[in-house]
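A short write-up of the structure that comes next.
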Amino acid sequence: MIVKRNIILIGSMGSGKSHFGRNLADLKGWQFVDTDRVLEGRYGLPIAEIYKKIGEKAFRRAEQEVLKKVSLYHEAVISVGGNFPIEHRTLRSLKKFSFIIGIRAAQYRIVSRVNRRVGKRPTMDYSNVSAFVHTMIQAWKPVYRQCDYVLDTTNGRTYDFMKAIERQLDTLGIQFKARRQPRQTEIVSKNIQAETKQQKERRHEKNSITNKRWRRTRDERSHSGHHKKGNS
């Protein structure tokens, strides 16, 4: 049995990582993480604007920082941005904790997907998409050879892809370390804290009502006393 923490999807842009990753996470009941979306949340900008603002070197460093952090999650499907092929050293490090799936597709399929979102991919040369995609695919080939499993999303149903991965995991005897569940003492402590807070709120509400009644009674007595003096 081999124990991993999560599943990481890598591959070129347009290979279908995000779409497939969300569906796989739903099937397994795990969380889904897209490193591009994490970067966008950190900088408050679209991914293409981040690349333009900080430059390639800083962008690569930022991607690496996010990847190192999310790779320590448990029971997560993590889609890694396909702007640059992952370095061998980084991939080797990720494989210690994660099952790495390479997502690829035929050139014509990637060109079609990329053209649906013109301007959204920071490193894409939109003046000659086909030539850029061809070069990109060649650069990713050595990376795919290092993956634990490679999935081609050119044709086929997402459901069938997911079932193929489940069979592969069973064949290899891959198990995943579950996310830490709160201990019973922690649950009891939280319940006690919640009850204590509710009791305080009820007591405060009760005291507030009592004080209002007391002030109303005092005002009524004071008014009654003034009225008696006036009559005398």
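Simple scheme: letters A, B, ... for chains in structure tokens order, numbers from 1 for residues in each chain, numbers from 1 for ligands in the order shown.
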Using only C-alpha atoms, determine which residues lie at most 9 Å from Lys17 in chain A, disregarding the query and same-chain residues fewer than 3 positions distant; provide the list as a PyMOL selection string.
chain A and resi 9-14+20-22+79-82+102-104
With C-alpha atoms retained, write the just-selected residues as a PDB file, in the first residue's frame.
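part_23.pdb written:
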ATOM      1  CA  LEU A   9      -3.029  17.435 -12.134  1.00  0.00           C
ATOM      2  CA  ILE A  10      -0.320  18.890 -14.354  1.00  0.00           C
ATOM      3  CA  GLY A  11      -0.179  19.576 -18.067  1.00  0.00           C
ATOM      4  CA  SER A  12      -0.108  22.239 -20.726  1.00  0.00           C
ATOM      5  CA  MET A  13      -2.673  25.007 -20.825  1.00  0.00           C
ATOM      6  CA  GLY A  14      -5.835  23.929 -22.619  1.00  0.00           C
ATOM      7  CA  PHE A  20     -11.562  17.449 -15.148  1.00  0.00           C
ATOM      8  CA  GLY A  21     -10.225  18.384 -11.707  1.00  0.00           C
ATOM      9  CA  ARG A  22     -13.527  19.834 -10.518  1.00  0.00           C
ATOM     10  CA  SER A  79      -4.823  21.699 -10.786  1.00  0.00           C
ATOM     11  CA  VAL A  80      -1.488  23.355 -11.538  1.00  0.00           C
ATOM     12  CA  GLY A  81      -1.263  26.227 -14.018  1.00  0.00           C
ATOM     13  CA  GLY A  82       0.099  25.115 -17.390  1.00  0.00           C
ATOM     14  CA  GLY A 102      -0.452  14.324 -16.427  1.00  0.00           C
ATOM     15  CA  ILE A 103      -3.359  15.716 -18.454  1.00  0.00           C
ATOM     16  CA  ARG A 104      -2.737  16.057 -22.182  1.00  0.00           C
TER      17      ARG A 104
END
Tell me which protein, DNA and RNA residues are within 7 Å of range 28-31 of chain A, counting only C-alpha atoms, leaving out same-chain ones fewer than 4 positions away, and put them as a ChimeraX atom specification.
/A:24,75-77
Those same residues - C-alpha atoms - I'd like them written as a PDB file, in the first residue's frame.
ATOM      1  CA  LEU A  24     -12.859  14.392  -9.991  1.00  0.00           C
ATOM      2  CA  GLU A  75      -7.738  14.924   0.175  1.00  0.00           C
ATOM      3  CA  ALA A  76      -7.469  17.636  -2.475  1.00  0.00           C
ATOM      4  CA  VAL A  77      -7.461  17.585  -6.261  1.00  0.00           C
TER       5      VAL A  77
END
Residues near range 120-133 of chain A, anyone? I mean within 9 Å using only C-alpha atoms, not counting same-chain ones fewer than 6 positions away, as a PyMOL selection string.
chain A and resi 12-13+46-52+83-84+107-108+110-111+114
Can you tell me how far CA of Ser15 in chain A sits from CA of Gly173 in chain A, in Å to one decimal?
26.8 Å
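Here CA of Ile78 in chain A stands at a distance of 19.0 Å from CA of Ile2 in chain A.
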Identify, with DSSP run on backbone atoms, the residues in range 108-138 of chain A assigned to helix (DSSP H, G or I), and express the list as a PyMOL selection string.
chain A and resi 108-115+129-138
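Comparing the minimum interatomic distances between Leu172 in chain A and each of A:Asp148, A:Asp36, A:Arg116, A:Tyr159, counting only C-alpha atoms, we find that A:Asp148 sits nearest.
Counting from CA of Asn115 in chain A, the distance to CA of Ile137 in chain A is 16.2 Å.
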Contacts of Pro85 in chain A within 7 Å, only C-alpha atoms, excl. fewer than 5 positions in-chain, as a VMD selection string:
chain A and resid 139 to 140 143
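Nearest to Leu91 in chain A of all the residues A:Arg145, A:Arg42, A:Gln138, A:Ala62 is A:Arg145, counting only C-alpha atoms.
Between Leu67 in chain A and the residues A:Arg92, A:Glu40, A:Ile8, A:Ile100, the shortest atom-to-atom distance, using only C-alpha atoms, involves A:Ile8.
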